[in-house]
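**Q** Contents are mmCIF, C-alpha atoms and all ligand atoms; file name target-v4.cif:
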```
data_run
loop_
_atom_site.label_atom_id
_atom_site.label_comp_id
_atom_site.auth_asym_id
_atom_site.auth_seq_id
_atom_site.Cartn_x
_atom_site.Cartn_y
_atom_site.Cartn_z
CA MET A 40 -22.19 -6.39 -22.00
CA ASN A 41 -19.71 -3.55 -21.59
CA PHE A 42 -17.70 -3.27 -18.40
CA GLU A 43 -15.13 -0.74 -17.24
CA ASN A 44 -13.49 -2.67 -14.41
CA ILE A 45 -13.73 -6.32 -15.40
CA LEU A 46 -13.15 -8.51 -18.47
CA VAL A 47 -15.56 -11.32 -19.29
CA ALA A 48 -14.73 -14.18 -21.66
CA GLU A 49 -16.60 -17.34 -22.59
CA GLU A 50 -14.87 -20.42 -23.94
CA ASN A 51 -15.79 -24.12 -24.02
CA GLY A 52 -18.50 -23.77 -21.39
CA ILE A 53 -16.30 -21.75 -19.02
CA GLY A 54 -17.09 -18.14 -18.15
CA GLN A 55 -13.97 -16.30 -17.05
CA ILE A 56 -14.20 -13.01 -15.18
CA THR A 57 -10.97 -11.04 -14.74
CA ILE A 58 -10.98 -8.09 -12.36
CA ASN A 59 -9.14 -5.46 -14.32
CA ARG A 60 -7.81 -2.56 -12.24
CA PRO A 61 -4.17 -3.65 -12.07
CA SER A 62 -2.88 -0.13 -11.26
CA LYS A 63 -4.95 -0.36 -8.03
CA LEU A 64 -4.05 -4.03 -7.51
CA ASN A 65 -7.62 -4.83 -8.61
CA ALA A 66 -9.10 -3.25 -5.45
CA LEU A 67 -12.88 -3.62 -5.29
CA ASN A 68 -14.73 -0.32 -5.53
CA MET A 69 -18.54 -0.27 -5.60
CA ALA A 70 -18.61 0.04 -9.40
CA THR A 71 -16.53 -3.15 -9.71
CA ILE A 72 -18.76 -4.98 -7.23
CA GLN A 73 -21.85 -3.98 -9.27
CA GLU A 74 -20.17 -5.08 -12.53
CA LEU A 75 -19.19 -8.42 -10.99
CA HIS A 76 -22.81 -8.91 -9.92
CA ASN A 77 -24.11 -8.13 -13.40
CA ALA A 78 -21.56 -10.38 -15.12
CA LEU A 79 -22.21 -13.29 -12.74
CA GLU A 80 -25.97 -12.91 -13.16
CA SER A 81 -25.62 -13.04 -16.91
CA LEU A 82 -23.22 -16.04 -16.90
CA GLU A 83 -25.55 -17.86 -14.49
CA ALA A 84 -28.46 -17.32 -16.90
CA ASN A 85 -26.45 -18.62 -19.86
CA GLU A 86 -27.15 -22.34 -20.33
CA ASN A 87 -23.87 -22.83 -22.21
CA ILE A 88 -21.82 -21.75 -19.20
CA ARG A 89 -21.17 -24.62 -16.83
CA THR A 90 -18.31 -23.26 -14.72
CA ILE A 91 -17.17 -19.77 -13.77
CA ILE A 92 -13.59 -18.77 -12.97
CA ILE A 93 -12.81 -15.48 -11.20
CA THR A 94 -9.26 -14.14 -11.34
CA GLY A 95 -7.32 -10.85 -11.29
CA GLU A 96 -5.49 -9.06 -14.11
CA GLY A 97 -1.68 -8.99 -13.95
CA GLU A 98 0.86 -11.07 -12.08
CA LYS A 99 0.75 -9.25 -8.78
CA ALA A 100 -2.76 -9.30 -7.38
CA PHE A 101 -6.00 -11.23 -7.37
CA VAL A 102 -7.67 -8.40 -5.41
CA ALA A 103 -5.83 -6.29 -2.78
CA GLY A 104 -9.03 -5.56 -0.89
CA ALA A 105 -11.97 -3.25 -0.86
CA ASP A 106 -11.01 0.16 -2.26
CA ILE A 107 -9.84 2.00 0.85
CA SER A 108 -10.05 5.40 -0.86
CA GLU A 109 -13.79 4.94 -1.27
CA PHE A 110 -14.75 4.36 2.38
CA ALA A 111 -12.12 6.30 4.34
CA ASN A 112 -14.62 9.06 5.24
CA PHE A 113 -17.75 6.95 5.75
CA SER A 114 -20.11 7.37 8.75
CA VAL A 115 -21.37 4.46 10.91
CA GLU A 116 -24.50 4.13 8.76
CA GLU A 117 -22.56 4.30 5.50
CA GLY A 118 -20.13 1.66 6.77
CA ALA A 119 -22.94 -0.76 7.63
CA GLN A 120 -24.61 -0.02 4.30
CA LEU A 121 -21.34 -0.71 2.41
CA ALA A 122 -21.02 -4.15 4.02
CA ALA A 123 -24.70 -5.04 3.59
CA GLN A 124 -24.81 -3.97 -0.04
CA GLY A 125 -21.54 -5.73 -0.92
CA GLN A 126 -22.57 -8.96 0.76
CA GLU A 127 -25.92 -9.00 -1.03
CA LEU A 128 -24.62 -8.01 -4.46
CA LEU A 129 -21.48 -10.08 -4.58
CA PHE A 130 -20.31 -12.25 -1.71
CA ASP A 131 -23.55 -14.07 -0.78
CA PHE A 132 -24.50 -13.96 -4.44
CA VAL A 133 -21.36 -15.85 -5.51
CA GLU A 134 -21.68 -18.42 -2.73
CA ASN A 135 -25.25 -19.21 -3.77
CA LEU A 136 -24.67 -19.40 -7.53
CA LYS A 137 -25.90 -22.64 -9.11
CA THR A 138 -22.90 -22.64 -11.43
CA PRO A 139 -19.67 -23.92 -9.84
CA THR A 140 -17.44 -20.90 -9.30
CA ILE A 141 -13.68 -21.21 -8.75
CA ALA A 142 -11.30 -18.47 -7.60
CA ALA A 143 -7.95 -18.56 -9.41
CA VAL A 144 -5.91 -16.56 -6.90
CA ASN A 145 -2.98 -15.14 -8.85
CA GLY A 146 -1.31 -12.87 -6.26
CA PHE A 147 -2.39 -10.75 -3.28
CA ALA A 148 -5.85 -11.73 -1.98
CA LEU A 149 -6.33 -9.35 0.91
CA GLY A 150 -9.40 -8.15 2.77
CA GLY A 151 -12.31 -8.08 0.32
CA GLY A 152 -10.09 -9.99 -2.12
CA LEU A 153 -9.72 -12.96 0.19
CA GLU A 154 -13.40 -12.61 1.09
CA LEU A 155 -14.30 -12.85 -2.60
CA ALA A 156 -12.06 -15.92 -3.03
CA MET A 157 -13.68 -17.48 0.07
CA ALA A 158 -17.19 -16.82 -1.27
CA CYS A 159 -16.29 -18.84 -4.39
CA HIS A 160 -17.01 -22.58 -4.16
CA PHE A 161 -13.28 -23.35 -3.93
CA ARG A 162 -9.88 -21.81 -4.58
CA ILE A 163 -6.70 -22.56 -6.55
CA ALA A 164 -3.63 -20.40 -5.84
CA SER A 165 -0.51 -19.54 -7.79
CA ASP A 166 2.75 -20.08 -5.90
CA ASN A 167 3.29 -16.31 -5.45
CA ALA A 168 -0.15 -15.72 -3.87
CA LYS A 169 -0.39 -14.10 -0.47
CA MET A 170 -3.58 -14.10 1.56
CA GLY A 171 -4.79 -12.21 4.60
CA LEU A 172 -7.47 -10.14 6.29
CA PRO A 173 -5.61 -6.91 7.20
CA GLU A 174 -8.72 -4.94 8.22
CA VAL A 175 -7.87 -4.52 11.93
CA SER A 176 -4.65 -2.77 10.86
CA LEU A 177 -6.96 -0.12 9.36
CA GLY A 178 -9.16 0.07 12.46
CA VAL A 179 -12.05 -1.87 10.95
CA ILE A 180 -13.14 -5.54 10.79
CA PRO A 181 -13.73 -7.70 7.72
CA GLY A 182 -17.15 -6.71 6.36
CA TYR A 183 -17.70 -8.95 3.36
CA GLY A 184 -18.17 -12.23 5.25
CA GLY A 185 -14.54 -12.74 6.32
CA THR A 186 -15.27 -13.29 10.02
CA GLN A 187 -17.70 -16.06 9.04
CA ARG A 188 -16.15 -17.83 6.06
CA LEU A 189 -12.52 -17.88 7.27
CA PRO A 190 -13.35 -19.89 10.44
CA GLN A 191 -15.59 -22.16 8.34
CA LEU A 192 -12.67 -22.93 6.05
CA ILE A 193 -9.65 -23.08 8.38
CA GLY A 194 -11.09 -23.35 11.91
CA LYS A 195 -11.74 -20.76 14.59
CA GLY A 196 -8.29 -20.57 16.20
CA ARG A 197 -6.38 -20.12 12.96
CA ALA A 198 -8.95 -17.59 11.71
CA MET A 199 -8.71 -15.62 14.95
CA GLU A 200 -4.92 -15.48 14.59
CA MET A 201 -5.04 -14.35 10.96
CA ILE A 202 -7.66 -11.69 11.72
CA MET A 203 -5.95 -10.41 14.89
CA THR A 204 -2.42 -10.28 13.45
CA ALA A 205 -3.67 -8.79 10.16
CA GLY A 206 -0.82 -10.80 8.64
CA MET A 207 -0.46 -12.48 5.27
CA ILE A 208 0.10 -16.19 4.70
CA SER A 209 1.85 -17.81 1.73
CA ALA A 210 0.12 -20.01 -0.84
CA GLU A 211 1.81 -23.07 0.71
CA ASP A 212 0.50 -22.20 4.18
CA ALA A 213 -2.94 -21.51 2.70
CA PHE A 214 -2.83 -24.99 1.17
CA ARG A 215 -1.69 -26.54 4.47
CA VAL A 216 -4.66 -25.08 6.36
CA GLY A 217 -7.22 -25.86 3.64
CA LEU A 218 -7.84 -22.31 2.48
CA VAL A 219 -6.87 -23.25 -1.09
CA ASN A 220 -7.21 -26.68 -2.70
CA HIS A 221 -4.13 -26.58 -4.95
CA VAL A 222 -1.01 -24.48 -5.45
CA VAL A 223 0.47 -24.31 -8.96
CA PRO A 224 3.14 -22.21 -10.71
CA GLN A 225 1.68 -18.87 -11.77
CA ALA A 226 2.11 -19.60 -15.49
CA GLU A 227 -0.05 -22.72 -15.09
CA LEU A 228 -2.78 -21.25 -12.87
CA LEU A 229 -5.43 -20.71 -15.54
CA SER A 230 -4.72 -23.87 -17.53
CA PHE A 231 -4.83 -25.95 -14.33
CA THR A 232 -8.07 -24.29 -13.19
CA LYS A 233 -9.64 -24.78 -16.62
CA SER A 234 -8.70 -28.46 -16.69
CA LEU A 235 -10.35 -28.91 -13.30
CA ALA A 236 -13.41 -27.05 -14.64
CA GLN A 237 -13.53 -29.50 -17.58
CA ARG A 238 -13.64 -32.41 -15.12
CA ILE A 239 -16.53 -30.77 -13.26
CA MET A 240 -18.39 -30.15 -16.54
CA LYS A 241 -18.53 -33.88 -17.36
CA ASN A 242 -21.04 -34.23 -14.53
CA SER A 243 -24.69 -33.25 -14.24
CA PRO A 244 -25.09 -29.45 -13.89
CA MET A 245 -28.46 -30.06 -12.27
CA ALA A 246 -26.98 -32.38 -9.62
CA ILE A 247 -24.02 -30.06 -9.04
CA SER A 248 -26.34 -27.09 -8.40
CA LYS A 249 -28.31 -29.14 -5.88
CA ALA A 250 -25.09 -30.33 -4.21
CA ILE A 251 -23.94 -26.69 -3.83
CA LYS A 252 -27.25 -25.87 -2.18
CA ALA A 253 -26.99 -28.83 0.21
CA VAL A 254 -23.37 -28.09 1.19
CA ASN A 255 -24.16 -24.39 1.75
CA ALA A 256 -27.14 -25.36 3.94
CA ASN A 257 -24.66 -26.63 6.54
CA PHE A 258 -23.55 -23.04 7.13
CA LYS A 259 -26.93 -21.29 7.12
CA GLU A 260 -28.49 -20.36 10.41
CA GLY A 261 -31.88 -21.95 11.07
CA VAL A 262 -31.52 -24.38 8.16
CA ASN A 263 -31.18 -28.12 8.69
CA GLY A 264 -28.59 -29.28 6.16
CA TYR A 265 -29.62 -32.94 6.37
CA GLU A 266 -33.20 -31.98 5.48
CA THR A 267 -31.97 -29.83 2.60
CA GLU A 268 -29.95 -32.79 1.38
CA ILE A 269 -32.94 -35.17 1.60
CA ARG A 270 -35.19 -32.73 -0.28
CA ASN A 271 -32.67 -32.08 -3.05
CA PHE A 272 -31.72 -35.76 -3.30
CA GLY A 273 -35.40 -36.50 -3.90
CA LYS A 274 -35.76 -33.74 -6.48
CA CYS A 275 -32.95 -35.25 -8.56
CA PHE A 276 -35.15 -38.28 -9.27
CA GLY A 277 -37.56 -36.12 -11.27
CA THR A 278 -34.89 -34.73 -13.61
CA GLU A 279 -33.69 -35.55 -17.12
CA ASP A 280 -30.08 -35.56 -15.93
CA PHE A 281 -30.81 -38.34 -13.42
CA LYS A 282 -32.55 -40.42 -16.08
CA GLU A 283 -29.68 -39.85 -18.51
CA GLY A 284 -26.94 -40.50 -15.91
CA THR A 285 -28.39 -43.79 -14.69
CA THR A 286 -29.42 -44.96 -18.20
CA ALA A 287 -25.97 -44.18 -19.61
CA PHE A 288 -24.33 -46.13 -16.78
CA LEU A 289 -26.53 -49.17 -17.41
CA GLU A 290 -25.98 -48.91 -21.19
CA LYS A 291 -22.20 -48.60 -20.60
CA ARG A 292 -21.91 -45.26 -22.43
CA LYS A 293 -20.94 -41.72 -21.52
CA ALA A 294 -23.79 -39.58 -20.19
CA GLU A 295 -24.83 -36.48 -22.15
CA PHE A 296 -26.23 -34.11 -19.56
CA THR A 297 -28.48 -31.18 -20.42
CA GLY A 298 -28.73 -29.72 -16.92
CA LYS A 299 -32.47 -30.26 -16.86
N1 LIG B 1 -7.64 0.09 -1.92
C1 LIG B 1 -7.30 1.14 -2.72
N2 LIG B 1 -6.13 1.20 -3.37
C2 LIG B 1 -5.28 0.17 -3.23
C3 LIG B 1 -5.57 -0.95 -2.41
C4 LIG B 1 -6.81 -0.95 -1.74
N3 LIG B 1 -7.19 -1.97 -0.96
N4 LIG B 1 -4.51 -1.79 -2.45
C5 LIG B 1 -3.61 -1.24 -3.27
N5 LIG B 1 -4.06 -0.06 -3.74
C6 LIG B 1 -3.38 0.88 -4.65
C7 LIG B 1 -2.29 1.67 -3.94
O1 LIG B 1 -2.84 2.80 -3.27
C8 LIG B 1 -1.44 2.07 -5.13
O2 LIG B 1 -2.06 3.13 -5.82
P1 LIG B 1 -1.21 4.42 -6.30
O3 LIG B 1 -0.17 3.84 -7.24
O4 LIG B 1 -2.21 5.28 -6.98
O5 LIG B 1 -0.60 5.00 -5.07
C9 LIG B 1 -1.50 0.85 -6.03
O6 LIG B 1 -2.67 0.15 -5.65
C10 LIG B 1 -0.32 -0.09 -5.87
O7 LIG B 1 -0.21 -0.46 -4.52
P2 LIG B 1 1.15 -0.28 -3.66
O8 LIG B 1 0.77 -0.19 -2.21
O9 LIG B 1 1.99 0.81 -4.21
O10 LIG B 1 1.87 -1.69 -3.95
P3 LIG B 1 2.93 -2.42 -3.02
O11 LIG B 1 3.48 -3.54 -3.86
O12 LIG B 1 3.87 -1.47 -2.40
O13 LIG B 1 2.07 -3.08 -1.83
C11 LIG B 1 0.17 -4.24 -0.86
C12 LIG B 1 1.11 -4.08 -2.08
C13 LIG B 1 -0.92 -5.22 -1.26
C14 LIG B 1 0.95 -4.81 0.33
C15 LIG B 1 -0.43 -2.85 -0.49
O14 LIG B 1 -0.96 -2.26 -1.65
C16 LIG B 1 -1.53 -2.92 0.55
O15 LIG B 1 -1.25 -3.11 1.73
N6 LIG B 1 -2.80 -2.72 0.11
C17 LIG B 1 -3.91 -2.61 1.00
C18 LIG B 1 -4.31 -3.99 1.50
C19 LIG B 1 -5.47 -3.88 2.47
O16 LIG B 1 -5.35 -3.38 3.57
N7 LIG B 1 -6.61 -4.42 2.05
C20 LIG B 1 -7.79 -4.47 2.88
C21 LIG B 1 -8.70 -3.38 2.60
S1 LIG B 1 -10.13 -3.49 3.64
#
```
Hey, can you dump this file as structure tokens for me?

**A**
Amino acid sequence: MNFENILVAEENGIGQITINRPSKLNALNMATIQELHNALESLEANENIRTIIITGEGEKAFVAGADISEFANFSVEEGAQLAAQGQELLFDFVENLKTPTIAAVNGFALGGGLELAMACHFRIASDNAKMGLPEVSLGVIPGYGGTQRLPQLIGKGRAMEMIMTAGMISAEDAFRVGLVNHVVPQAELLSFTKSLAQRIMKNSPMAISKAIKAVNANFKEGVNGYETEIRNFGKCFGTEDFKEGTTAFLEKRKAEFTGK
């Protein structure tokens, strides 16, 4: 696949997507959002890919937000459409991927950038990363899930403060409040994230995809997460991965999972 705004690489079961507009601090325009959707869809369909990493090109930014130049003159309807389309194509799409998806936050993650990182299943930050939702400083609110996922991750009071002040927090503070799981020197960000991906990939892809579904069910309106867990727990018993995992344990050998 050919992309203008992103780079896609595949290595040892890991699909890496790098947002590649460094002169615009990797700001997300609609074309980039569409390309990210297409790349994620194709990695998800590829049986050899067992983890996805999303990062930004350069040493300065993961993503500095939605592309402000693109929506500055939008009407009320166009604004709502922008948020709805973005959420469907990218942010909800990432959250609901079956393949574990990690954000490697290598610099500024602002607005849509932080929203993209928050839509990923979890986040690792480099020590120079800075995160925030500056939308109210532009006279708008977060529109790619930020008002929902930030309180889920760090609690309502802290999220309210970040959103209202439009301020940025450091990687260390993001770690302290649980917004990122690890902080590492920038030079080690990708190698650290890949080694974590390798640990994930030793486990059953089938079980991991069902675990993602069950965890996400906790945050879906009208869905009972415990029931989702029970249903998916049961489904595991009919899979090859479950047979292989339990047999390998009893035979005292390493399991070879196929994801089926
Ligand atoms: N949308 C469009 N362009 C953006 C952008 C965004 N969200 N963020 C950065 N850029 C562009 C700048 O316009 C500039 O382009 P130019 O060189 O053609 O003028 C380029 O990226 C570099 O950014 P610059 O502002 O010069 O870098 P800086 O180091 O001085 O500041 C930031 C870095 C992140 C503090 C600053 O770029 C910023 O505040 N960006 C907007 C963040 C934001 O509000 N995001 C939420 C959007 S909803």

**Q** Which residues form the shell of 7 Å around ligand LIG 1 (chain B) when you count all atoms listed in the file, given as a VMD selection string?

**A** chain A and resid 62 to 64 66 103 to 108 147 149 to 151 172 to 174 177 181

**Q** Could you list, as a ChimeraX atom specification, every residue within 9 Å of segment 42-54 of chain A, counting all atoms listed in the file and ignoring same-chain residues fewer than 4 positions away?

**A** /A:58-60,65,70-71,74-75,78-79,82,86-93,95-96,233,236-237,240

**Q** Considering only C-alpha atoms, state which residue in the set A:Lys241, A:His76, A:Lys169, A:Lys249 is at the smallest distance from Asn271 of chain A.

**A** A:Lys249

**Q** Residues near Phe258 of chain A, anyone? I mean within 12 Å using all atoms listed in the file, not counting same-chain ones fewer than 3 positions away, as a PyMOL selection string.

**A** chain A and resi 131+134-135+187-188+190-192+251-255+261-265+267

**Q** Which value, in Å to one decimal, gives the distance between atom CA of Gly146 of chain A and atom CA of Asn167 of chain A?

**A**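 Atom CA of Asn167 of chain A lies 5.8 Å from atom CA of Gly146 of chain A.
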
**Q** Which residues are near segment 114-127 of chain A? Cut-off 7 Å, all atoms listed in the file, ignore same chain within fewer than 6 positions. Put them as a VMD selection string.

**A** chain A and resid 72 182 to 183

**Q** Please report the interatomic distance between atom CA of Ala148 of chain A and atom CA of Gly97 of chain A in Å with one decimal.

**A** 13.0 Å

**Q** Give me, please, the distance in Å between atom CA of Lys293 of chain A and atom CA of Asn242 of chain A, quoted to one decimal.

**A**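 Atom CA of Asn242 of chain A lies 10.2 Å from atom CA of Lys293 of chain A.
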
**Q** For Ala142 of chain A, which of A:Asn85, A:Ala213, A:Gln55, A:Asp166 is the closest residue, counting only C-alpha atoms?

**A**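 Counting only C-alpha atoms, the residue closest to Ala142 of chain A is A:Gln55.
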
**Q** Could you tell me which of A:Ala210, A:Ile247, A:Val102, A:Met157 comes closest to Lys137 of chain A if we count all atoms listed in the file?

**A**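 Nearest to Lys137 of chain A: A:Ile247.
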
**Q** For Leu218 of chain A, list every protein, DNA or RNA residue within 12 Å, evaluated using all atoms listed in the file, and leave out those in the same chain fewer than 4 positions away; present the list as a PDB file with C-alpha atoms, keeping the file's coordinate frame.

**A**
```pdb
ATOM      1  CA  ALA A 142     -11.300 -18.470  -7.600  1.00  0.00           C
ATOM      2  CA  VAL A 144      -5.910 -16.560  -6.900  1.00  0.00           C
ATOM      3  CA  ALA A 148      -5.850 -11.730  -1.980  1.00  0.00           C
ATOM      4  CA  LEU A 153      -9.720 -12.960   0.190  1.00  0.00           C
ATOM      5  CA  GLU A 154     -13.400 -12.610   1.090  1.00  0.00           C
ATOM      6  CA  ALA A 156     -12.060 -15.920  -3.030  1.00  0.00           C
ATOM      7  CA  MET A 157     -13.680 -17.480   0.070  1.00  0.00           C
ATOM      8  CA  ALA A 158     -17.190 -16.820  -1.270  1.00  0.00           C
ATOM      9  CA  CYS A 159     -16.290 -18.840  -4.390  1.00  0.00           C
ATOM     10  CA  HIS A 160     -17.010 -22.580  -4.160  1.00  0.00           C
ATOM     11  CA  PHE A 161     -13.280 -23.350  -3.930  1.00  0.00           C
ATOM     12  CA  ARG A 162      -9.880 -21.810  -4.580  1.00  0.00           C
ATOM     13  CA  ILE A 163      -6.700 -22.560  -6.550  1.00  0.00           C
ATOM     14  CA  ALA A 164      -3.630 -20.400  -5.840  1.00  0.00           C
ATOM     15  CA  ALA A 168      -0.150 -15.720  -3.870  1.00  0.00           C
ATOM     16  CA  LYS A 169      -0.390 -14.100  -0.470  1.00  0.00           C
ATOM     17  CA  MET A 170      -3.580 -14.100   1.560  1.00  0.00           C
ATOM     18  CA  GLY A 171      -4.790 -12.210   4.600  1.00  0.00           C
ATOM     19  CA  ARG A 188     -16.150 -17.830   6.060  1.00  0.00           C
ATOM     20  CA  LEU A 189     -12.520 -17.880   7.270  1.00  0.00           C
ATOM     21  CA  PRO A 190     -13.350 -19.890  10.440  1.00  0.00           C
ATOM     22  CA  GLN A 191     -15.590 -22.160   8.340  1.00  0.00           C
ATOM     23  CA  LEU A 192     -12.670 -22.930   6.050  1.00  0.00           C
ATOM     24  CA  ILE A 193      -9.650 -23.080   8.380  1.00  0.00           C
ATOM     25  CA  GLY A 194     -11.090 -23.350  11.910  1.00  0.00           C
ATOM     26  CA  ARG A 197      -6.380 -20.120  12.960  1.00  0.00           C
ATOM     27  CA  ALA A 198      -8.950 -17.590  11.710  1.00  0.00           C
ATOM     28  CA  MET A 201      -5.040 -14.350  10.960  1.00  0.00           C
ATOM     29  CA  ILE A 208       0.100 -16.190   4.700  1.00  0.00           C
ATOM     30  CA  SER A 209       1.850 -17.810   1.730  1.00  0.00           C
ATOM     31  CA  ALA A 210       0.120 -20.010  -0.840  1.00  0.00           C
ATOM     32  CA  GLU A 211       1.810 -23.070   0.710  1.00  0.00           C
ATOM     33  CA  ASP A 212       0.500 -22.200   4.180  1.00  0.00           C
ATOM     34  CA  ALA A 213      -2.940 -21.510   2.700  1.00  0.00           C
ATOM     35  CA  PHE A 214      -2.830 -24.990   1.170  1.00  0.00           C
ATOM     36  CA  VAL A 222      -1.010 -24.480  -5.450  1.00  0.00           C
TER      37      VAL A 222
END
```

**Q** For Asn77 of chain A, which residue among A:Leu129, A:Ala100, A:Ala111, A:Ala205 is the nearest when counting all atoms listed in the file?

**A** A:Leu129

**Q** Pick the closest to Val175 of chain A from A:Ala256, A:Leu155, A:Phe288, A:Gly206: which is it, counting all atoms listed in the file?

**A**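 Once distances to Val175 of chain A are computed over all atoms listed in the file, the minimum belongs to A:Gly206.
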